[in-house]
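Notes to accompany the following structure.
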Amino acid sequence: MPLRSHPLLLDGASVDGRLLKMTANCYTSTDAQSHTDGLTLLFAHCVGGHKELWEPIIEHIFRVQGRKGRHHRIREAISFDYQSHGDAAILNKAVIDARDECISGYVWADAIAEYVRSPALRGRRIIAIGHSAGGGVLTLVASKFSPENVPFLALILIEPTMNSETMYAIIRPKVEVHRRLVMKGTLARRDAWADREEARAWLATKMPWKLWDPRALDLYVKHGLHTVPSSAPCAPALVTPKCTKRVEAMSYPDFQPHIEAAGHFAMLCTYLPIHLVWGTRGDFVAKEVRDSLSDASEGRIAASITSISGAGHLIVQEQPDAVAEAICVCLNNVEEPKSCKL
């Protein structure tokens with residue numbers, strides 16, 4: 001099913017007294033006008049990601065749900081860039097470069113919440129879908145609304161990096177070691193190539209990119225990189241990530257938004273279905289953290305838990321079709337509007 005895409009430029013909340021911009025893409029099908037009763041999907045990516053990485057998943061969902069009843073078809077899908085990632089990183093470069101710490105997930109949540117409140121999404125039947133840090137951010141967005149006004153019909157969290165206060169206190173020493181290793185590896189990796197062809201050839205042989213679906217790697221090379229002047233005099237321009245490795249590394253210690261998000265889970269799940277999707281490799285989120293996030297004894301009751309065989313933390317990039325199928329199963333459980341049942 002061919003999709004249409006158009007860019008959105010949104011106010012991205014403020015930091016250090018300066019207004020940031022948030023970029024997004026809105027995807028619709030060629031017959032979107034006939035799907036006004038359908039679902040609006042919101043997507044938030046992982047640290048180091050960008051909005052276009054969701055495209056294989058979005059295309060798959062549109063195709064599968066297009067065969068369903070009108071209330072389970074897709075009206076539109078909107079994928080956001082974190083303000084320090086993707087195209088937003090270029091627009092916000094001056095603010096980002098002046099900071100010694102990351103733009104927090106709290107700021108991203110504020111920006112998305114503001115857009116959700118706007119007339120642009122009035123009357124929409126919204127499903128929020130977040131990967132890794134994006135899952136915690138969308139959980140924070142949901143928590144900003146009262147139960148009777150929550151704008152989402154469901155939350156789908158894919159490999160969320162959310163930790164309850166209790167669990168974080170137990171595993172904090174391990175988390176700190178892991179954080180330092182991830183930051184060190186991020187800062188040490190190569191981040192400049194002569195052109196996109198060279199970049200793709202290099203990335204395709206290195207972790208984690210060599211595990212990615214070719215479509216995800218192509219999208220990263222096309223949309224996650226950009227051309228910049230070389231710092232050396234008279235040297236040719238270079239291709240480098242829009243989200244610099246410095247910014248990506250600074251984003252990993254931003255734990256507090258995801259601890260707070262886990263704290264909201266128990267209350268949110270009493271009136272909002274929250275679905276969890278995990279990869280079976282368990283290469284980033286520890287098993288005890290996963291189990292804790294759906295610990296019914298602490299009031300955190302997931303509407304469903306799906307495991308995708310062989311996938312790791314970057315499941316969105318590794319197995320987009322399997323992720324899309326898991327999301328479609330969740331979408332099929334969304335109730336029709338009450339007025340349609342009368």
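Please note that chains go A, B, ... in the order of the structure tokens, that every chain numbers its residues from 1, and that ligands are numbered from 1 in the order shown.
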Which polymer residues have any atom within 8 Å of an atom of stretch 158-172 of chain A, counting only C-alpha atoms, with same-chain residues fewer than 4 positions away left out, as a list in words?
-> Ile129, Gly130, His131, Ser132, Ala133, Gly134, Gly135, Gly136, Glu176, His258, Ile259, Glu260, Ala261, Ala262, Gly263, Leu276, Val277, Trp278, Gly279, Val285, Val289, Ser292, Leu293, His313 and Ile315 of chain A
Residues at most 10 Å from stretch 80-85 of chain A, counting only C-alpha atoms, excluding those fewer than 3 positions away in the same chain, as a PyMOL selection string?
-> chain A and resi 8-13+20-26+42-52+54+88-93+95-96+102-105+107-109+111-112+133-134+137+224+241-244+247-248+251
Name the residues of stretch 137-177 of chain A that fall into alpha helix (DSSP H) according to DSSP on the backbone, using the chain letters and numbers of this document, as a PyMOL selection string.
-> chain A and resi 137-143+165-177
Just give me the gap between atom CA of A:His275 and atom CA of A:Ala128 in Å, one decimal is fine.
->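 Separating atom CA of A:His275 from atom CA of A:Ala128 is a distance of 10.4 Å.
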For A:Asn149, work out the shell of residues within 12 Å, counting only C-alpha atoms and skipping chain neighbours fewer than 2 positions away, then give it as a list of chain:residue names.
-> A:Val116, A:Arg117, A:Arg122, A:Gly123, A:Ala142, A:Ser143, A:Lys144, A:Phe145, A:Ser146, A:Pro147, A:Pro151, A:Phe152, A:Leu153, A:Tyr271, A:Leu272
Residues as selected, all heavy atoms, written as a CSV table (one decimal), in the first residue's frame, can you do that?
chain,number,residue,atom,x,y,z
A,116,VAL,N,-0.4,16.7,21.4
A,116,VAL,CA,-1.6,15.9,21.6
A,116,VAL,C,-2.8,16.8,22.0
A,116,VAL,O,-3.9,16.5,21.6
A,116,VAL,CB,-1.3,14.8,22.6
A,116,VAL,CG1,-2.5,14.1,23.1
A,116,VAL,CG2,-0.3,13.8,22.0
A,117,ARG,N,-2.5,17.8,22.8
A,117,ARG,CA,-3.6,18.7,23.2
A,117,ARG,C,-4.1,19.6,22.1
A,117,ARG,O,-5.1,20.3,22.3
A,117,ARG,CB,-3.1,19.6,24.4
A,117,ARG,CG,-2.8,18.8,25.7
A,117,ARG,CD,-2.5,19.8,26.8
A,117,ARG,NE,-2.2,19.2,28.0
A,117,ARG,CZ,-0.9,19.0,28.5
A,117,ARG,NH1,0.1,19.5,27.8
A,117,ARG,NH2,-0.7,18.4,29.6
A,122,ARG,N,-7.5,16.8,17.7
A,122,ARG,CA,-8.8,16.7,18.3
A,122,ARG,C,-9.7,15.7,17.7
A,122,ARG,O,-9.9,15.6,16.5
A,122,ARG,CB,-9.5,18.1,18.2
A,122,ARG,CG,-10.8,18.3,19.1
A,122,ARG,CD,-11.2,19.7,19.1
A,122,ARG,NE,-10.2,20.5,19.8
A,122,ARG,CZ,-10.0,21.8,19.6
A,122,ARG,NH1,-10.7,22.4,18.6
A,122,ARG,NH2,-9.1,22.5,20.3
A,123,GLY,N,-10.3,14.9,18.6
A,123,GLY,CA,-11.3,13.9,18.1
A,123,GLY,C,-10.6,12.6,17.6
A,123,GLY,O,-11.3,11.7,17.1
A,142,ALA,N,1.1,10.3,28.8
A,142,ALA,CA,-0.2,9.8,29.2
A,142,ALA,C,-0.5,10.2,30.7
A,142,ALA,O,-1.6,10.6,31.0
A,142,ALA,CB,-0.2,8.3,29.2
A,143,SER,N,0.6,10.3,31.5
A,143,SER,CA,0.4,10.7,32.9
A,143,SER,C,0.0,12.1,33.1
A,143,SER,O,-0.4,12.5,34.2
A,143,SER,CB,1.7,10.3,33.7
A,143,SER,OG,2.7,11.3,33.4
A,144,LYS,N,0.2,12.9,32.1
A,144,LYS,CA,-0.1,14.4,32.2
A,144,LYS,C,-1.6,14.7,32.1
A,144,LYS,O,-2.0,15.8,32.2
A,144,LYS,CB,0.6,15.1,31.1
A,144,LYS,CG,2.1,15.1,31.3
A,144,LYS,CD,2.8,15.8,30.1
A,144,LYS,CE,4.3,15.8,30.3
A,144,LYS,NZ,4.8,16.6,31.4
A,145,PHE,N,-2.4,13.6,31.8
A,145,PHE,CA,-3.9,13.8,31.6
A,145,PHE,C,-4.6,13.0,32.7
A,145,PHE,O,-4.2,12.0,33.2
A,145,PHE,CB,-4.3,13.3,30.3
A,145,PHE,CG,-3.7,14.0,29.1
A,145,PHE,CD1,-2.4,13.7,28.6
A,145,PHE,CD2,-4.4,15.1,28.5
A,145,PHE,CE1,-1.8,14.4,27.6
A,145,PHE,CE2,-3.8,15.7,27.4
A,145,PHE,CZ,-2.5,15.4,27.0
A,146,SER,N,-5.8,13.6,33.1
A,146,SER,CA,-6.6,12.9,34.1
A,146,SER,C,-7.2,11.6,33.5
A,146,SER,O,-7.3,11.5,32.2
A,146,SER,CB,-7.7,13.8,34.6
A,146,SER,OG,-8.6,14.2,33.5
A,147,PRO,N,-7.6,10.6,34.3
A,147,PRO,CA,-8.1,9.4,33.7
A,147,PRO,C,-9.3,9.6,32.7
A,147,PRO,O,-9.4,8.9,31.7
A,147,PRO,CB,-8.6,8.6,34.9
A,147,PRO,CG,-7.7,9.1,36.0
A,147,PRO,CD,-7.5,10.6,35.7
A,151,PRO,N,-5.8,10.9,26.4
A,151,PRO,CA,-6.0,10.9,25.0
A,151,PRO,C,-5.7,9.7,24.2
A,151,PRO,O,-6.0,9.6,23.0
A,151,PRO,CB,-5.1,12.0,24.5
A,151,PRO,CG,-3.9,12.0,25.5
A,151,PRO,CD,-4.5,11.6,26.8
A,152,PHE,N,-5.2,8.7,24.9
A,152,PHE,CA,-4.8,7.4,24.2
A,152,PHE,C,-5.8,6.3,24.5
A,152,PHE,O,-6.3,6.2,25.6
A,152,PHE,CB,-3.4,7.0,24.7
A,152,PHE,CG,-2.3,8.0,24.6
A,152,PHE,CD1,-1.2,8.0,25.4
A,152,PHE,CD2,-2.3,8.9,23.5
A,152,PHE,CE1,-0.2,8.9,25.3
A,152,PHE,CE2,-1.3,9.8,23.4
A,152,PHE,CZ,-0.2,9.8,24.2
A,153,LEU,N,-6.0,5.5,23.5
A,153,LEU,CA,-6.8,4.3,23.7
A,153,LEU,C,-5.9,3.1,24.2
A,153,LEU,O,-6.4,2.1,24.8
A,153,LEU,CB,-7.4,3.8,22.4
A,153,LEU,CG,-8.4,4.8,21.8
A,153,LEU,CD1,-8.9,4.3,20.5
A,153,LEU,CD2,-9.6,5.1,22.8
A,271,TYR,N,-6.8,2.1,33.9
A,271,TYR,CA,-7.8,2.7,32.9
A,271,TYR,C,-7.2,2.8,31.5
A,271,TYR,O,-8.0,3.2,30.6
A,271,TYR,CB,-8.3,4.1,33.4
A,271,TYR,CG,-7.2,5.1,33.6
A,271,TYR,CD1,-6.7,5.9,32.6
A,271,TYR,CD2,-6.7,5.3,34.9
A,271,TYR,CE1,-5.7,6.8,32.8
A,271,TYR,CE2,-5.7,6.2,35.1
A,271,TYR,CZ,-5.2,7.0,34.1
A,271,TYR,OH,-4.2,8.0,34.3
A,272,LEU,N,-6.0,2.4,31.3
A,272,LEU,CA,-5.4,2.5,29.9
A,272,LEU,C,-4.7,1.2,29.7
A,272,LEU,O,-3.7,0.8,30.4
A,272,LEU,CB,-4.4,3.6,29.9
A,272,LEU,CG,-3.6,3.9,28.6
A,272,LEU,CD1,-4.6,4.2,27.5
A,272,LEU,CD2,-2.6,4.9,28.8
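Using only C-alpha atoms, the shortest contact distance between A:Gly310 and any of A:Thr240, A:Cys234, A:Phe255, A:Leu211 is found at A:Leu211.
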Counting only C-alpha atoms, figure out which residue out of A:Val329, A:Leu268, A:Met183, A:Val15 gets nearest to A:Ala98.
->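 Of the candidates, the smallest distance to A:Ala98 is held by A:Val15.
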Point-to-point distance in Å for atom CA of A:Pro236 and atom CA of A:Thr205 | 24.6 Å
Surrounding residues of A:Leu3 excluding itself and chain neighbours under 5 positions, 7 Å, only C-alpha atoms, as JSON, numbers by chain = {"A": [27, 28, 29, 30]}
For those residues, write all heavy atoms to a file as a PDB file, in the first residue's frame.
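Result file is part.pdb:
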ATOM      1  N   TYR A  27       2.182  10.234   8.182  1.00  0.00           N
ATOM      2  CA  TYR A  27       1.999   9.262   7.108  1.00  0.00           C
ATOM      3  C   TYR A  27       0.504   8.948   6.960  1.00  0.00           C
ATOM      4  O   TYR A  27      -0.196   8.704   7.948  1.00  0.00           O
ATOM      5  CB  TYR A  27       2.742   7.967   7.417  1.00  0.00           C
ATOM      6  CG  TYR A  27       4.226   8.153   7.622  1.00  0.00           C
ATOM      7  CD1 TYR A  27       4.745   8.444   8.887  1.00  0.00           C
ATOM      8  CD2 TYR A  27       5.115   8.044   6.557  1.00  0.00           C
ATOM      9  CE1 TYR A  27       6.113   8.624   9.078  1.00  0.00           C
ATOM     10  CE2 TYR A  27       6.488   8.228   6.742  1.00  0.00           C
ATOM     11  CZ  TYR A  27       6.975   8.514   8.003  1.00  0.00           C
ATOM     12  OH  TYR A  27       8.327   8.694   8.194  1.00  0.00           O
ATOM     13  N   THR A  28       0.034   8.956   5.720  1.00  0.00           N
ATOM     14  CA  THR A  28      -1.342   8.584   5.424  1.00  0.00           C
ATOM     15  C   THR A  28      -1.346   7.688   4.186  1.00  0.00           C
ATOM     16  O   THR A  28      -0.399   7.703   3.393  1.00  0.00           O
ATOM     17  CB  THR A  28      -2.225   9.817   5.152  1.00  0.00           C
ATOM     18  OG1 THR A  28      -1.652  10.582   4.081  1.00  0.00           O
ATOM     19  CG2 THR A  28      -2.352  10.683   6.387  1.00  0.00           C
ATOM     20  N   SER A  29      -2.413   6.931   4.027  1.00  0.00           N
ATOM     21  CA  SER A  29      -2.562   6.126   2.819  1.00  0.00           C
ATOM     22  C   SER A  29      -3.225   6.973   1.737  1.00  0.00           C
ATOM     23  O   SER A  29      -3.763   8.052   2.007  1.00  0.00           O
ATOM     24  CB  SER A  29      -3.399   4.879   3.109  1.00  0.00           C
ATOM     25  OG  SER A  29      -4.709   5.260   3.479  1.00  0.00           O
ATOM     26  N   THR A  30      -3.192   6.492   0.531  1.00  0.00           N
ATOM     27  CA  THR A  30      -3.769   7.243  -0.580  1.00  0.00           C
ATOM     28  C   THR A  30      -5.286   7.381  -0.463  1.00  0.00           C
ATOM     29  O   THR A  30      -5.878   8.264  -1.067  1.00  0.00           O
ATOM     30  CB  THR A  30      -3.423   6.578  -1.924  1.00  0.00           C
ATOM     31  OG1 THR A  30      -3.790   5.194  -1.856  1.00  0.00           O
ATOM     32  CG2 THR A  30      -1.929   6.684  -2.203  1.00  0.00           C
TER      33      THR A  30
END
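Secondary structure of stretch 139-326 of chain A, strand (DSSP E) only (DSSP, backbone atoms): Phe152, Leu153, Ala154, Leu155, Ile156, Leu157, Ile158, Leu225, His226, Thr227, Val228, Leu238, Val239, Thr240, Pro241, Ile274, His275, Leu276, Val277, Trp278, Gly279, Ser304, Ile305, Thr306, Ser307 and Ile308 of chain A.
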Restricting the output to C-alpha atoms, write the selected residues as a PDB file, in the first residue's frame.
ATOM      1  CA  PHE A 152      -4.775   7.427  24.250  1.00  0.00           C
ATOM      2  CA  LEU A 153      -6.760   4.255  23.721  1.00  0.00           C
ATOM      3  CA  ALA A 154      -3.668   2.165  24.471  1.00  0.00           C
ATOM      4  CA  LEU A 155       0.077   2.353  25.062  1.00  0.00           C
ATOM      5  CA  ILE A 156       2.390  -0.093  23.290  1.00  0.00           C
ATOM      6  CA  LEU A 157       5.862  -0.141  24.858  1.00  0.00           C
ATOM      7  CA  ILE A 158       8.599  -1.901  22.889  1.00  0.00           C
ATOM      8  CA  LEU A 225      23.230  11.042   8.563  1.00  0.00           C
ATOM      9  CA  HIS A 226      23.948  14.390   6.944  1.00  0.00           C
ATOM     10  CA  THR A 227      26.790  16.135   5.162  1.00  0.00           C
ATOM     11  CA  VAL A 228      28.928  18.651   7.071  1.00  0.00           C
ATOM     12  CA  LEU A 238      32.057  14.476   5.458  1.00  0.00           C
ATOM     13  CA  VAL A 239      28.948  12.445   6.277  1.00  0.00           C
ATOM     14  CA  THR A 240      28.173  12.169  10.000  1.00  0.00           C
ATOM     15  CA  PRO A 241      25.171  11.387  12.253  1.00  0.00           C
ATOM     16  CA  ILE A 274      -0.495  -1.021  28.332  1.00  0.00           C
ATOM     17  CA  HIS A 275       1.079  -3.642  26.078  1.00  0.00           C
ATOM     18  CA  LEU A 276       4.703  -4.772  26.394  1.00  0.00           C
ATOM     19  CA  VAL A 277       6.836  -6.141  23.553  1.00  0.00           C
ATOM     20  CA  TRP A 278      10.259  -7.663  24.248  1.00  0.00           C
ATOM     21  CA  GLY A 279      13.006  -9.305  22.232  1.00  0.00           C
ATOM     22  CA  SER A 304      -0.427  -8.204  27.035  1.00  0.00           C
ATOM     23  CA  ILE A 305       3.217  -9.279  26.916  1.00  0.00           C
ATOM     24  CA  THR A 306       4.728 -10.361  23.596  1.00  0.00           C
ATOM     25  CA  SER A 307       8.167 -11.873  23.063  1.00  0.00           C
ATOM     26  CA  ILE A 308       9.792 -11.780  19.621  1.00  0.00           C
TER      27      ILE A 308
END
Between atom CA of A:Ile58 and atom CA of A:Trp209 - distance in Å to one decimal =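 A separation of 20.4 Å between them.
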Contacts of A:Ala237 at 12 Å (only C-alpha atoms; same-chain gap of 5+ positions) as a count of residues only | 12
Hey, what's within 8 Å of stretch 213-223 of chain A if we count only C-alpha atoms and toss same-chain stuff fewer than 4 positions away? As a list in words, please?
->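 The neighbour list is His50, Glu52, Leu53, Pro56, Gly86, Arg196, Ala199, Arg200, Ala204, Trp209, Gln317, Glu318, Gln319 and Pro320 of chain A.
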Once you have the residues from the selection above, write them out as a short mmCIF file (atom, residue, chain, number, x, y, z; two decimals), in the first residue's frame, restricted to all heavy atoms.
data_model
loop_
_atom_site.label_atom_id
_atom_site.label_comp_id
_atom_site.auth_asym_id
_atom_site.auth_seq_id
_atom_site.Cartn_x
_atom_site.Cartn_y
_atom_site.Cartn_z
N HIS A 50 15.78 7.94 15.00
CA HIS A 50 15.13 9.09 14.35
C HIS A 50 13.79 8.61 13.81
O HIS A 50 13.53 7.41 13.70
CB HIS A 50 16.02 9.67 13.24
CG HIS A 50 16.44 8.67 12.21
ND1 HIS A 50 15.68 8.37 11.10
CD2 HIS A 50 17.54 7.88 12.13
CE1 HIS A 50 16.31 7.45 10.38
NE2 HIS A 50 17.44 7.12 10.98
N GLU A 52 12.26 8.36 10.96
CA GLU A 52 12.07 7.55 9.76
C GLU A 52 12.33 6.06 9.99
O GLU A 52 11.91 5.23 9.17
CB GLU A 52 12.98 8.05 8.63
CG GLU A 52 12.62 9.42 8.08
CD GLU A 52 13.20 10.57 8.88
OE1 GLU A 52 13.96 10.31 9.86
OE2 GLU A 52 12.90 11.73 8.56
N LEU A 53 12.99 5.69 11.09
CA LEU A 53 13.25 4.28 11.35
C LEU A 53 11.96 3.47 11.51
O LEU A 53 11.97 2.24 11.37
CB LEU A 53 14.13 4.12 12.59
CG LEU A 53 15.61 4.45 12.42
CD1 LEU A 53 16.34 4.40 13.76
CD2 LEU A 53 16.28 3.51 11.42
N PRO A 56 9.30 1.13 7.90
CA PRO A 56 8.90 -0.24 7.53
C PRO A 56 7.76 -0.78 8.37
O PRO A 56 6.88 -1.51 7.87
CB PRO A 56 10.19 -1.04 7.73
CG PRO A 56 11.30 -0.04 7.63
CD PRO A 56 10.73 1.22 8.23
N GLY A 86 17.80 13.35 14.83
CA GLY A 86 17.23 13.51 13.50
C GLY A 86 17.27 14.94 13.02
O GLY A 86 18.18 15.72 13.33
N ARG A 196 27.85 8.60 1.81
CA ARG A 196 26.88 7.65 2.35
C ARG A 196 27.19 6.21 1.96
O ARG A 196 26.93 5.28 2.71
CB ARG A 196 25.46 8.04 1.92
CG ARG A 196 24.87 9.17 2.76
CD ARG A 196 23.47 9.53 2.29
NE ARG A 196 22.78 10.36 3.28
CZ ARG A 196 22.97 11.65 3.45
NH1 ARG A 196 23.86 12.28 2.68
NH2 ARG A 196 22.31 12.34 4.38
N ALA A 199 29.76 5.03 4.31
CA ALA A 199 29.15 4.87 5.63
C ALA A 199 28.36 3.58 5.72
O ALA A 199 28.49 2.81 6.68
CB ALA A 199 28.23 6.07 5.94
N ARG A 200 27.54 3.30 4.69
CA ARG A 200 26.73 2.10 4.73
C ARG A 200 27.59 0.85 4.72
O ARG A 200 27.32 -0.12 5.45
CB ARG A 200 25.73 2.05 3.56
CG ARG A 200 24.65 1.00 3.78
CD ARG A 200 23.84 0.68 2.56
NE ARG A 200 22.70 -0.17 2.91
CZ ARG A 200 22.77 -1.44 3.27
NH1 ARG A 200 23.96 -2.05 3.36
NH2 ARG A 200 21.69 -2.13 3.58
N ALA A 204 27.49 -1.72 7.90
CA ALA A 204 26.94 -3.06 7.65
C ALA A 204 27.82 -4.18 8.21
O ALA A 204 27.36 -5.33 8.31
CB ALA A 204 26.72 -3.27 6.16
N TRP A 209 24.68 -2.35 13.87
CA TRP A 209 24.02 -2.14 12.57
C TRP A 209 24.00 -3.40 11.70
O TRP A 209 23.10 -3.57 10.89
CB TRP A 209 24.71 -0.99 11.83
CG TRP A 209 24.77 0.27 12.63
CD1 TRP A 209 23.78 1.20 12.78
CD2 TRP A 209 25.87 0.73 13.42
NE1 TRP A 209 24.19 2.21 13.61
CE2 TRP A 209 25.48 1.95 14.01
CE3 TRP A 209 27.15 0.24 13.67
CZ2 TRP A 209 26.32 2.67 14.84
CZ3 TRP A 209 27.99 0.96 14.49
CH2 TRP A 209 27.58 2.15 15.08
N GLN A 317 14.69 -1.96 14.68
CA GLN A 317 15.59 -1.96 13.53
C GLN A 317 15.89 -3.38 13.05
O GLN A 317 16.14 -3.59 11.86
CB GLN A 317 16.90 -1.25 13.89
CG GLN A 317 16.75 0.23 14.17
CD GLN A 317 16.57 0.55 15.65
OE1 GLN A 317 15.76 -0.08 16.33
NE2 GLN A 317 17.33 1.51 16.15
N GLU A 318 15.88 -4.35 13.95
CA GLU A 318 16.26 -5.72 13.60
C GLU A 318 15.12 -6.49 12.94
O GLU A 318 15.33 -7.22 11.96
CB GLU A 318 16.73 -6.47 14.84
CG GLU A 318 18.03 -5.97 15.43
CD GLU A 318 18.40 -6.72 16.70
OE1 GLU A 318 17.83 -7.80 16.96
OE2 GLU A 318 19.29 -6.24 17.44
N GLN A 319 13.94 -6.38 13.51
CA GLN A 319 12.80 -7.19 13.03
C GLN A 319 11.54 -6.33 12.88
O GLN A 319 10.55 -6.51 13.59
CB GLN A 319 12.55 -8.36 13.98
CG GLN A 319 13.68 -9.37 14.06
CD GLN A 319 13.23 -10.68 14.70
OE1 GLN A 319 12.09 -11.10 14.57
NE2 GLN A 319 14.14 -11.33 15.39
N PRO A 320 11.56 -5.40 11.95
CA PRO A 320 10.41 -4.49 11.81
C PRO A 320 9.10 -5.20 11.48
O PRO A 320 8.04 -4.79 11.98
CB PRO A 320 10.84 -3.53 10.69
CG PRO A 320 11.97 -4.21 9.99
CD PRO A 320 12.65 -5.04 11.01
#
When distances are computed from only C-alpha atoms, which of A:Cys328, A:Ile126, A:Ala296, A:Leu314 shows the smallest separation from A:Gly282?
-> A:Leu314
